[in-house]
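entry-v2.cif follows; it contains mmCIF, C-alpha atoms.
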data_entry
loop_
_atom_site.group_PDB
_atom_site.id
_atom_site.type_symbol
_atom_site.label_atom_id
_atom_site.label_comp_id
_atom_site.auth_asym_id
_atom_site.auth_seq_id
_atom_site.Cartn_x
_atom_site.Cartn_y
_atom_site.Cartn_z
ATOM 1 C CA MET A 241 51.719 31.048 7.649
ATOM 2 C CA ASN A 242 52.181 34.765 8.138
ATOM 3 C CA ARG A 243 49.465 37.255 8.872
ATOM 4 C CA LYS A 244 48.847 38.159 5.244
ATOM 5 C CA GLN A 245 48.412 34.533 4.205
ATOM 6 C CA ARG A 246 46.074 33.881 7.117
ATOM 7 C CA VAL A 247 43.833 36.765 6.157
ATOM 8 C CA ARG A 248 43.899 35.643 2.525
ATOM 9 C CA LYS A 249 42.886 32.116 3.460
ATOM 10 C CA MET A 250 40.124 33.325 5.760
ATOM 11 C CA THR A 251 38.756 35.534 2.997
ATOM 12 C CA LEU A 252 38.781 32.697 0.485
ATOM 13 C CA VAL A 253 37.038 30.279 2.861
ATOM 14 C CA THR A 254 34.426 32.922 3.661
ATOM 15 C CA MET A 255 33.794 33.552 -0.019
ATOM 16 C CA LEU A 256 33.375 29.814 -0.626
ATOM 17 C CA LEU A 257 30.937 29.710 2.289
ATOM 18 C CA ALA A 258 28.985 32.649 0.872
ATOM 19 C CA MET A 259 28.765 30.998 -2.555
ATOM 20 C CA SER A 260 27.673 27.691 -1.048
ATOM 21 C CA ILE A 261 24.903 29.450 0.928
ATOM 22 C CA VAL A 262 23.694 31.148 -2.252
ATOM 23 C CA PHE A 263 23.589 27.813 -4.085
ATOM 24 C CA HIS A 264 21.952 26.101 -1.116
ATOM 25 C CA MET A 265 19.149 28.654 -1.168
ATOM 26 C CA LEU A 266 18.743 28.942 -4.955
ATOM 27 C CA GLU A 267 18.849 25.219 -5.643
ATOM 28 C CA PRO A 268 15.200 24.399 -4.921
ATOM 29 C CA THR A 269 14.192 26.820 -7.684
ATOM 30 C CA ILE A 270 16.016 24.806 -10.379
ATOM 31 C CA PRO A 271 13.394 22.638 -12.102
ATOM 32 C CA LEU A 272 14.277 18.952 -12.447
ATOM 33 C CA PRO A 273 12.308 16.125 -14.064
ATOM 34 C CA VAL A 274 12.153 14.177 -10.790
ATOM 35 C CA PRO A 275 10.420 15.998 -7.915
ATOM 36 C CA GLY A 276 12.158 16.209 -4.558
ATOM 37 C CA VAL A 277 15.612 15.732 -6.020
ATOM 38 C CA LYS A 278 18.323 18.361 -5.727
ATOM 39 C CA LEU A 279 21.566 18.526 -7.648
ATOM 40 C CA GLY A 280 23.596 19.179 -4.499
ATOM 41 C CA LEU A 281 25.451 22.071 -6.123
ATOM 42 C CA ALA A 282 26.133 23.597 -2.701
ATOM 43 C CA ASN A 283 28.323 20.621 -1.898
ATOM 44 C CA ILE A 284 30.820 21.695 -4.606
ATOM 45 C CA PHE A 285 32.254 24.378 -2.337
ATOM 46 C CA GLY A 286 32.820 22.008 0.556
ATOM 47 C CA LEU A 287 34.764 19.705 -1.763
ATOM 48 C CA ILE A 288 36.788 22.599 -3.181
ATOM 49 C CA ALA A 289 37.648 23.696 0.365
ATOM 50 C CA LEU A 290 38.644 20.128 1.251
ATOM 51 C CA PHE A 291 41.257 19.999 -1.487
ATOM 52 C CA LEU A 292 42.445 23.621 -1.346
ATOM 53 C CA PHE A 293 42.575 23.969 2.458
ATOM 54 C CA GLY A 294 41.733 20.793 4.379
ATOM 55 C CA VAL A 295 39.229 18.867 6.464
ATOM 56 C CA LYS A 296 38.568 21.584 9.053
ATOM 57 C CA GLU A 297 37.649 24.149 6.413
ATOM 58 C CA MET A 298 35.301 21.712 4.654
ATOM 59 C CA LEU A 299 33.496 20.916 7.913
ATOM 60 C CA GLY A 300 33.217 24.646 8.655
ATOM 61 C CA ILE A 301 31.748 25.416 5.252
ATOM 62 C CA ASN A 302 29.276 22.517 5.281
ATOM 63 C CA PHE A 303 27.917 23.049 8.784
ATOM 64 C CA MET A 304 27.873 26.856 8.602
ATOM 65 C CA ARG A 305 26.060 26.568 5.262
ATOM 66 C CA VAL A 306 23.222 24.525 6.754
ATOM 67 C CA LEU A 307 23.051 26.707 9.856
ATOM 68 C CA ILE A 308 23.094 30.071 8.079
ATOM 69 C CA ALA A 309 20.847 29.044 5.188
ATOM 70 C CA SER A 310 18.265 27.694 7.660
ATOM 71 C CA LEU A 311 18.505 30.914 9.672
ATOM 72 C CA LEU A 312 18.002 33.005 6.534
ATOM 73 C CA ARG A 313 15.044 30.896 5.417
ATOM 74 C CA GLY A 314 13.564 30.863 8.898
ATOM 75 C CA ILE A 315 13.293 27.072 9.123
ATOM 76 C CA ILE A 316 15.945 26.623 11.789
ATOM 77 C CA PHE A 317 15.247 23.720 14.208
ATOM 78 C CA GLY A 318 12.363 22.603 11.976
ATOM 79 C CA THR A 319 12.134 19.207 10.317
ATOM 80 C CA GLY A 320 13.947 20.387 7.183
ATOM 81 C CA PHE A 321 16.813 21.747 9.244
ATOM 82 C CA TRP A 322 17.397 18.462 11.064
ATOM 83 C CA LEU A 323 17.221 16.584 7.755
ATOM 84 C CA SER A 324 19.856 18.863 6.214
ATOM 85 C CA LEU A 325 22.025 18.669 9.310
ATOM 86 C CA SER A 326 22.018 14.885 9.572
ATOM 87 C CA GLY A 327 22.628 14.549 5.827
ATOM 88 C CA VAL A 328 25.560 16.954 5.959
ATOM 89 C CA PHE A 329 26.955 15.305 9.090
ATOM 90 C CA LEU A 330 26.973 11.804 7.637
ATOM 91 C CA SER A 331 28.207 12.853 4.188
ATOM 92 C CA SER A 332 31.036 14.936 5.694
ATOM 93 C CA MET A 333 32.179 12.078 7.909
ATOM 94 C CA VAL A 334 32.126 9.649 4.972
ATOM 95 C CA VAL A 335 34.033 12.095 2.747
ATOM 96 C CA ILE A 336 36.706 12.602 5.408
ATOM 97 C CA PHE A 337 37.053 8.844 5.825
ATOM 98 C CA PHE A 338 37.452 8.176 2.115
ATOM 99 C CA TYR A 339 39.685 11.248 1.683
ATOM 100 C CA ARG A 340 42.156 9.895 4.237
ATOM 101 C CA TYR A 341 41.950 6.142 3.748
ATOM 102 C CA SER A 342 41.126 5.496 0.086
ATOM 103 C CA LYS A 343 42.243 6.471 -3.379
ATOM 104 C CA LEU A 344 38.867 7.786 -4.525
ATOM 105 C CA SER A 345 39.170 10.793 -6.812
ATOM 106 C CA LEU A 346 37.172 13.936 -6.219
ATOM 107 C CA VAL A 347 34.370 12.573 -8.409
ATOM 108 C CA GLY A 348 34.220 9.427 -6.270
ATOM 109 C CA LEU A 349 34.216 11.478 -3.076
ATOM 110 C CA SER A 350 31.377 13.537 -4.490
ATOM 111 C CA MET A 351 29.358 10.389 -5.268
ATOM 112 C CA ALA A 352 29.986 9.133 -1.724
ATOM 113 C CA ALA A 353 28.928 12.494 -0.307
ATOM 114 C CA ALA A 354 25.715 12.559 -2.357
ATOM 115 C CA ALA A 355 24.800 8.955 -1.524
ATOM 116 C CA PHE A 356 25.440 9.283 2.202
ATOM 117 C CA HIS A 357 23.704 12.641 2.345
ATOM 118 C CA ASN A 358 20.585 10.723 1.366
ATOM 119 C CA VAL A 359 21.314 7.958 3.867
ATOM 120 C CA GLY A 360 21.597 10.538 6.647
ATOM 121 C CA GLN A 361 18.390 12.255 5.603
ATOM 122 C CA ILE A 362 16.412 9.027 5.388
ATOM 123 C CA LEU A 363 17.701 7.889 8.792
ATOM 124 C CA ALA A 364 16.677 11.249 10.243
ATOM 125 C CA ILE A 365 13.188 11.112 8.743
ATOM 126 C CA ILE A 366 12.774 7.537 10.021
ATOM 127 C CA VAL A 367 13.582 8.784 13.525
ATOM 128 C CA ILE A 368 11.430 11.923 13.233
ATOM 129 C CA TRP A 369 8.349 10.195 11.814
ATOM 130 C CA SER A 370 9.162 6.922 13.636
ATOM 131 C CA SER A 371 8.288 4.852 10.583
ATOM 132 C CA ILE A 372 10.826 2.265 9.438
ATOM 133 C CA PHE A 373 8.967 1.840 6.138
ATOM 134 C CA LEU A 374 10.447 5.103 4.857
ATOM 135 C CA ILE A 375 13.639 3.138 4.215
ATOM 136 C CA TYR A 376 11.765 2.170 1.045
ATOM 137 C CA TRP A 377 12.911 5.486 -0.419
ATOM 138 C CA LEU A 378 16.599 4.872 0.224
ATOM 139 C CA PRO A 379 17.584 2.737 -2.823
ATOM 140 C CA PRO A 380 15.928 5.020 -5.435
ATOM 141 C CA MET A 381 17.444 8.074 -3.752
ATOM 142 C CA ILE A 382 20.888 6.442 -3.876
ATOM 143 C CA TRP A 383 20.459 5.645 -7.589
ATOM 144 C CA LEU A 384 19.511 9.246 -8.302
ATOM 145 C CA SER A 385 22.382 10.558 -6.181
ATOM 146 C CA ILE A 386 25.028 8.883 -8.352
ATOM 147 C CA PRO A 387 24.566 11.053 -11.494
ATOM 148 C CA THR A 388 24.185 14.200 -9.397
ATOM 149 C CA GLY A 389 27.307 13.236 -7.438
ATOM 150 C CA ILE A 390 29.264 12.784 -10.666
ATOM 151 C CA LEU A 391 27.997 16.180 -11.906
ATOM 152 C CA THR A 392 28.983 18.089 -8.751
ATOM 153 C CA GLY A 393 32.288 16.230 -8.518
ATOM 154 C CA THR A 394 33.172 17.118 -12.104
ATOM 155 C CA LEU A 395 32.246 20.759 -11.536
ATOM 156 C CA ALA A 396 34.425 20.878 -8.398
ATOM 157 C CA LYS A 397 37.301 19.193 -10.227
ATOM 158 C CA GLU A 398 37.212 21.701 -13.071
ATOM 159 C CA SER A 399 37.011 24.587 -10.581
ATOM 160 C CA ILE A 400 40.109 23.359 -8.758
ATOM 161 C CA ARG A 401 41.946 22.880 -12.072
ATOM 162 C CA ARG A 402 41.423 26.566 -12.797
ATOM 163 C CA VAL A 403 42.319 27.797 -9.303
ATOM 164 C CA ASP A 404 45.281 25.664 -8.225
ATOM 165 C CA LYS A 405 46.831 23.174 -10.657
ATOM 166 C CA SER A 406 49.256 21.815 -8.021
ATOM 167 C CA LYS A 407 46.344 20.062 -6.243
ATOM 168 C CA MET A 408 45.293 18.086 -9.312
ATOM 169 C CA ASP A 409 47.255 14.943 -8.334
ATOM 170 C CA ALA A 410 45.330 14.768 -5.084
ATOM 171 C CA VAL A 411 42.066 15.522 -6.896
ATOM 172 C CA LEU A 412 42.540 12.629 -9.284
ATOM 173 C CA GLY A 413 43.519 10.303 -6.437
ATOM 174 C CA TYR A 414 47.121 9.766 -7.585
ATOM 175 C CA SER A 415 48.956 11.141 -4.576
ATOM 176 C CA LYS A 416 48.565 10.245 -0.939
ATOM 177 C CA ARG A 417 46.449 12.742 0.920
ATOM 178 C CA ARG A 418 46.936 13.874 4.472
ATOM 179 C CA ASP A 419 45.232 16.844 6.001
ATOM 180 C CA MET B 133 36.871 8.486 -12.696
ATOM 181 C CA ASN B 134 39.751 6.290 -11.592
ATOM 182 C CA LYS B 135 39.715 2.618 -10.657
ATOM 183 C CA ALA B 136 38.839 3.196 -6.990
ATOM 184 C CA ASP B 137 35.834 5.283 -8.080
ATOM 185 C CA LYS B 138 34.528 2.501 -10.268
ATOM 186 C CA ILE B 139 34.914 -0.084 -7.498
ATOM 187 C CA PHE B 140 33.128 2.232 -5.080
ATOM 188 C CA LEU B 141 30.322 2.830 -7.572
ATOM 189 C CA ALA B 142 29.885 -0.918 -8.099
ATOM 190 C CA ILE B 143 29.756 -1.577 -4.337
ATOM 191 C CA ILE B 144 27.182 1.177 -3.804
ATOM 192 C CA LEU B 145 25.009 -0.111 -6.644
ATOM 193 C CA VAL B 146 25.158 -3.727 -5.448
ATOM 194 C CA LEU B 147 24.352 -2.715 -1.863
ATOM 195 C CA SER B 148 21.433 -0.500 -2.872
ATOM 196 C CA VAL B 149 19.948 -3.153 -5.171
ATOM 197 C CA ALA B 150 20.303 -5.729 -2.370
ATOM 198 C CA LEU B 151 18.640 -3.317 0.042
ATOM 199 C CA TYR B 152 15.839 -2.702 -2.459
ATOM 200 C CA GLY B 153 15.241 -6.432 -2.891
ATOM 201 C CA SER B 154 15.278 -7.175 0.826
ATOM 202 C CA ILE B 155 12.904 -4.267 1.538
ATOM 203 C CA GLN B 156 10.462 -5.544 -1.082
ATOM 204 C CA PHE B 157 10.609 -8.991 0.486
ATOM 205 C CA LEU B 158 10.272 -7.713 4.042
ATOM 206 C CA VAL B 159 7.387 -5.386 3.246
ATOM 207 C CA SER B 160 5.391 -8.063 1.444
ATOM 208 C CA ALA B 161 6.067 -10.560 4.255
ATOM 209 C CA ALA B 162 5.180 -8.022 6.919
ATOM 210 C CA THR B 163 1.938 -6.874 5.324
ATOM 211 C CA SER B 164 0.665 -10.347 4.467
ATOM 212 C CA ASP B 165 1.388 -11.658 7.962
ATOM 213 C CA LEU B 166 -0.381 -8.794 9.581
ATOM 214 C CA LYS B 167 -3.800 -9.268 7.984
ATOM 215 C CA VAL B 168 -6.502 -10.352 10.403
ATOM 216 C CA ALA B 169 -10.185 -10.977 9.693
ATOM 217 C CA VAL B 170 -12.587 -10.010 12.456
ATOM 218 C CA VAL B 171 -15.935 -11.825 12.686
ATOM 219 C CA THR B 172 -18.729 -10.137 14.615
ATOM 220 C CA TYR B 173 -22.130 -11.435 15.628
ATOM 221 C CA LYS B 174 -24.657 -8.715 16.517
ATOM 222 C CA ASP B 175 -21.764 -6.181 16.767
ATOM 223 C CA ARG B 176 -19.900 -8.417 19.211
ATOM 224 C CA GLU B 177 -16.524 -9.803 18.175
ATOM 225 C CA VAL B 178 -16.710 -13.596 18.193
ATOM 226 C CA LEU B 179 -13.636 -14.629 16.205
ATOM 227 C CA ARG B 180 -10.325 -13.275 15.018
ATOM 228 C CA ILE B 181 -8.864 -15.138 12.032
ATOM 229 C CA ASP B 182 -5.212 -15.071 10.988
ATOM 230 C CA MET B 183 -5.386 -14.661 7.222
ATOM 231 C CA SER B 184 -2.002 -16.297 6.595
ATOM 232 C CA VAL B 185 -3.269 -19.732 7.746
ATOM 233 C CA ASP B 186 -5.516 -21.734 5.423
ATOM 234 C CA ASN B 187 -8.396 -23.168 7.463
ATOM 235 C CA THR B 188 -12.177 -23.296 7.845
ATOM 236 C CA TYR B 189 -14.086 -21.932 10.819
ATOM 237 C CA THR B 190 -17.662 -22.287 12.005
ATOM 238 C CA VAL B 191 -19.594 -19.572 13.845
ATOM 239 C CA ASP B 192 -23.160 -19.548 15.146
ATOM 240 C CA GLY B 193 -25.460 -17.242 13.206
ATOM 241 C CA THR B 194 -29.091 -16.386 13.869
ATOM 242 C CA LEU B 195 -30.395 -18.905 11.305
ATOM 243 C CA GLY B 196 -27.727 -21.582 11.787
ATOM 244 C CA ASP B 197 -24.026 -22.284 11.376
ATOM 245 C CA VAL B 198 -21.927 -20.026 9.141
ATOM 246 C CA ILE B 199 -18.856 -21.740 7.693
ATOM 247 C CA ILE B 200 -15.956 -19.396 6.854
ATOM 248 C CA GLU B 201 -13.039 -20.493 4.690
ATOM 249 C CA VAL B 202 -9.565 -18.901 4.512
ATOM 250 C CA LYS B 203 -7.255 -19.732 1.638
ATOM 251 C CA ASP B 204 -4.258 -17.927 0.045
ATOM 252 C CA ASN B 205 -4.790 -14.803 2.165
ATOM 253 C CA LYS B 206 -8.411 -14.587 0.988
ATOM 254 C CA ILE B 207 -11.578 -15.190 2.918
ATOM 255 C CA ARG B 208 -15.138 -16.209 2.005
ATOM 256 C CA VAL B 209 -18.306 -17.554 3.487
ATOM 257 C CA GLN B 210 -18.460 -21.128 2.270
ATOM 258 C CA GLU B 211 -21.883 -22.083 3.565
ATOM 259 C CA GLU B 212 -24.726 -20.478 5.503
ATOM 260 C CA THR B 213 -28.480 -20.625 5.800
ATOM 261 C CA SER B 214 -30.341 -17.564 4.578
ATOM 262 C CA PRO B 215 -33.111 -16.622 2.076
ATOM 263 C CA TYR B 216 -30.848 -15.216 -0.661
ATOM 264 C CA ASN B 217 -27.342 -16.514 0.279
ATOM 265 C CA ILE B 218 -25.898 -13.107 -0.571
ATOM 266 C CA CYS B 219 -22.754 -13.437 1.513
ATOM 267 C CA SER B 220 -21.727 -16.810 0.126
ATOM 268 C CA ILE B 221 -22.432 -15.607 -3.429
ATOM 269 C CA GLN B 222 -20.096 -12.636 -2.788
ATOM 270 C CA GLY B 223 -17.157 -15.048 -2.850
ATOM 271 C CA TRP B 224 -13.487 -14.392 -2.020
ATOM 272 C CA VAL B 225 -12.404 -11.124 -0.399
ATOM 273 C CA GLU B 226 -8.771 -10.191 0.116
ATOM 274 C CA TYR B 227 -8.723 -6.451 0.785
ATOM 275 C CA ALA B 228 -9.276 -4.619 4.031
ATOM 276 C CA ARG B 229 -12.464 -2.535 4.126
ATOM 277 C CA VAL B 230 -14.435 -4.826 1.821
ATOM 278 C CA PRO B 231 -16.827 -6.354 4.349
ATOM 279 C CA ILE B 232 -18.776 -9.580 4.020
ATOM 280 C CA VAL B 233 -22.184 -9.103 5.591
ATOM 281 C CA CYS B 234 -24.679 -11.888 6.337
ATOM 282 C CA LEU B 235 -27.575 -9.776 7.462
ATOM 283 C CA PRO B 236 -30.080 -12.594 8.160
ATOM 284 C CA ASN B 237 -27.455 -14.278 10.336
ATOM 285 C CA HIS B 238 -26.235 -10.998 11.933
ATOM 286 C CA ILE B 239 -22.670 -11.932 10.977
ATOM 287 C CA MET B 240 -20.127 -9.506 9.591
ATOM 288 C CA ILE B 241 -16.558 -10.262 8.483
ATOM 289 C CA LEU B 242 -14.066 -7.439 8.029
ATOM 290 C CA ILE B 243 -10.369 -7.715 7.180
ATOM 291 C CA GLU B 244 -8.135 -5.504 9.287
ATOM 292 C CA SER B 245 -4.614 -4.646 8.328
ATOM 293 C CA ALA B 246 -2.292 -4.270 11.286
ATOM 294 C CA VAL B 247 -0.370 -1.656 9.305
ATOM 295 C CA ASP B 248 -2.084 1.531 10.347
ATOM 296 C CA GLN B 249 -3.978 2.898 7.372
ATOM 297 C CA ASP B 250 -5.836 5.597 9.265
ATOM 298 C CA ASP B 251 -3.211 8.261 8.699
ATOM 299 C CA GLU B 252 -4.440 11.754 8.076
ATOM 300 C CA ASP B 253 -4.502 12.814 4.448
ATOM 301 C CA ILE B 254 -3.218 16.276 5.246
ATOM 302 C CA THR B 255 -1.099 17.512 8.108
ATOM 303 C CA VAL B 256 -1.080 21.223 8.811
ATOM 304 C CA ARG B 257 1.742 22.576 10.890
#
Take the structure in the file and give it back as structure tokens.
Amino acid sequence: MNRKQRVRKMTLVTMLLAMSIVFHMLEPTIPLPVPGVKLGLANIFGLIALFLFGVKEMLGINFMRVLIASLLRGIIFGTGFWLSLSGVFLSSMVVIFFYRYSKLSLVGLSMAAAAFHNVGQILAIIVIWSSIFLIYWLPPMIWLSIPTGILTGTLAKESIRRVDKSKMDAVLGYSKRRD
Amino acid sequence: MNKADKIFLAIILVLSVALYGSIQFLVSAATSDLKVAVVTYKDREVLRIDMSVDNTYTVDGTLGDVIIEVKDNKIRVQEETSPYNICSIQGWVEYARVPIVCLPNHIMILIESAVDQDDEDITVR
């Protein structure tokens, strides 16, 4: 990779990060029939980065998104911040695992990310409030995360189709994926 | 969605439904086991009754013996001596915070749930 390509890649990753922060912050204003549920639109950009650039870039975008959005909102190191962080941590790890060792397509990865984001959040709130009974919320949250995961996965897939057609085999799970 | 996606979706759904079922079971088992009835005589605790065991108990009241019966997680005063027999007429009680009071006998029975229900309504941070 020469200097020009490096700068180009850095710019693209930064723009994806900026877009994901905007979505992260605007998302709570989108009205949904079920209260407390988010579409997870910000996660689209992490998935796009995963397929266009790789694991490192996805981790950078996801963690920087939580960090910067919390800083901008002024809730950093509050309960909401730790919930976001643990959700993002677990969902990123699960996505990396399935990306490397399974044939899940991007839509499947997105479902996994959405479901395990909820698992991470519920585990964190159980630790923070030290009440095991909050696990009660986990199954309904997982059921709700499946349609939202399919939605974000489809949006990410269509975005990648328009940006870089050569990655579509990997997106659909047909070709073996390595970093 | 490809085949792997569908398999993954099925596994997630099965696991979450299983989790849901086991939580329901655990919560109902945990809450029913944890109910305890406290019997007091003149504001002094004289007996603690495990509500999950069907049995009858006898305590000394001011006017004579008070016989308490526990059945199917419910409790009642079966027999006592008093002018109006109000507490035995009250019948079965199964919820915490519905007390049985035998005023002439100075006996009070109150179900306590070991699950802490005294949480604040509002928390201000």
Expansion of the PyMOL selection byres ((chain B) within 6 of (chain A)) into residues, as a ChimeraX atom specification: /B:136-137,148,152
Expected file contents, prior selection, C-alpha atoms, as a compact mmCIF listing (two decimals), in the frame of the given file:
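Writing done, so here's again01.txt:
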# COMPACT_ATOMS: atom_id res chain seq x y z
CA ALA B 136 38.84 3.20 -6.99
CA ASP B 137 35.83 5.28 -8.08
CA SER B 148 21.43 -0.50 -2.87
CA TYR B 152 15.84 -2.70 -2.46
Residues within 9 Å of A:Pro268, only C-alpha atoms, excluding chain neighbours under 5 positions, as a list in words: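 The residues satisfying every condition are Gly276, Val277 and Lys278 of chain A.
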Selection result of the PyMOL selection byres ((chain A and resi 294-310) around 8) on this file, as a VMD selection string: chain A and resid 253 256 to 257 260 to 261 264 to 265 283 285 to 287 289 to 293 311 to 316 321 324 to 325 328 to 329 332 336 419
Could you state which residues are captured by the PyMOL selection byres ((chain B and resi 171) around 7) in this file, as a PDB file with C-alpha atoms, in the coordinates of the input?
ATOM      1  CA  ALA B 169     -10.185 -10.977   9.693  1.00  0.00           C
ATOM      2  CA  VAL B 170     -12.587 -10.010  12.456  1.00  0.00           C
ATOM      3  CA  THR B 172     -18.729 -10.137  14.615  1.00  0.00           C
ATOM      4  CA  TYR B 173     -22.130 -11.435  15.628  1.00  0.00           C
ATOM      5  CA  GLU B 177     -16.524  -9.803  18.175  1.00  0.00           C
ATOM      6  CA  VAL B 178     -16.710 -13.596  18.193  1.00  0.00           C
ATOM      7  CA  LEU B 179     -13.636 -14.629  16.205  1.00  0.00           C
ATOM      8  CA  ARG B 180     -10.325 -13.275  15.018  1.00  0.00           C
ATOM      9  CA  ILE B 239     -22.670 -11.932  10.977  1.00  0.00           C
ATOM     10  CA  MET B 240     -20.127  -9.506   9.591  1.00  0.00           C
ATOM     11  CA  ILE B 241     -16.558 -10.262   8.483  1.00  0.00           C
ATOM     12  CA  LEU B 242     -14.066  -7.439   8.029  1.00  0.00           C
TER      13      LEU B 242
END
Selection: 10 Å around A:Ile400, all atoms listed in the file, excl. self and same-chain fewer than 2 positions, as a ChimeraX atom specification: /A:287-289,291-292,394-398,402-408,411
Atoms to include: C-alpha atoms. Write the selected residues as a tab-separated table (two decimals), in the frame of the given file.
chain	number	residue	atom	x	y	z
A	287	LEU	CA	34.76	19.70	-1.76
A	288	ILE	CA	36.79	22.60	-3.18
A	289	ALA	CA	37.65	23.70	0.36
A	291	PHE	CA	41.26	20.00	-1.49
A	292	LEU	CA	42.44	23.62	-1.35
A	394	THR	CA	33.17	17.12	-12.10
A	395	LEU	CA	32.25	20.76	-11.54
A	396	ALA	CA	34.42	20.88	-8.40
A	397	LYS	CA	37.30	19.19	-10.23
A	398	GLU	CA	37.21	21.70	-13.07
A	402	ARG	CA	41.42	26.57	-12.80
A	403	VAL	CA	42.32	27.80	-9.30
A	404	ASP	CA	45.28	25.66	-8.22
A	405	LYS	CA	46.83	23.17	-10.66
A	406	SER	CA	49.26	21.82	-8.02
A	407	LYS	CA	46.34	20.06	-6.24
A	408	MET	CA	45.29	18.09	-9.31
A	411	VAL	CA	42.07	15.52	-6.90
Using all atoms listed in the file: which of B:Asn205, B:Asn134, B:Gln210, B:Asn217 has the shortest distance to B:Thr188: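 Counting all atoms listed in the file, the residue closest to B:Thr188 is B:Gln210.
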Distance of atom CA of A:Ser326 from atom CA of A:Ser385, expressed in Å to one decimal place: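 That distance, rounded to one decimal, is 16.3 Å.
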As a short mmCIF file (atom, residue, chain, number, x, y, z; two decimals), keeping the file's coordinate frame, the rebuilt stretch 347-359 of chain A with N, CA and C atoms:
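Now in selection.cif:
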data_model
loop_
_atom_site.label_atom_id
_atom_site.label_comp_id
_atom_site.auth_asym_id
_atom_site.auth_seq_id
_atom_site.Cartn_x
_atom_site.Cartn_y
_atom_site.Cartn_z
N VAL A 347 35.68 12.99 -7.90
CA VAL A 347 34.37 12.57 -8.41
C VAL A 347 33.80 11.45 -7.53
N GLY A 348 34.67 10.51 -7.14
CA GLY A 348 34.22 9.43 -6.27
C GLY A 348 33.79 9.94 -4.90
N LEU A 349 34.57 10.88 -4.36
CA LEU A 349 34.22 11.48 -3.08
C LEU A 349 32.86 12.17 -3.17
N SER A 350 32.64 12.83 -4.31
CA SER A 350 31.38 13.54 -4.49
C SER A 350 30.20 12.56 -4.55
N MET A 351 30.41 11.41 -5.24
CA MET A 351 29.36 10.39 -5.27
C MET A 351 29.07 9.89 -3.86
N ALA A 352 30.16 9.62 -3.10
CA ALA A 352 29.99 9.13 -1.72
C ALA A 352 29.22 10.16 -0.90
N ALA A 353 29.60 11.44 -1.08
CA ALA A 353 28.93 12.49 -0.31
C ALA A 353 27.44 12.53 -0.64
N ALA A 354 27.12 12.47 -1.94
CA ALA A 354 25.72 12.56 -2.36
C ALA A 354 24.93 11.36 -1.84
N ALA A 355 25.53 10.15 -1.96
CA ALA A 355 24.80 8.96 -1.52
C ALA A 355 24.57 8.99 -0.02
N PHE A 356 25.60 9.34 0.75
CA PHE A 356 25.44 9.28 2.20
C PHE A 356 24.68 10.48 2.74
N HIS A 357 24.62 11.56 1.97
CA HIS A 357 23.70 12.64 2.35
C HIS A 357 22.28 12.11 2.40
N ASN A 358 21.92 11.32 1.39
CA ASN A 358 20.58 10.72 1.37
C ASN A 358 20.39 9.74 2.50
N VAL A 359 21.43 8.92 2.77
CA VAL A 359 21.31 7.96 3.87
C VAL A 359 21.03 8.69 5.17
#
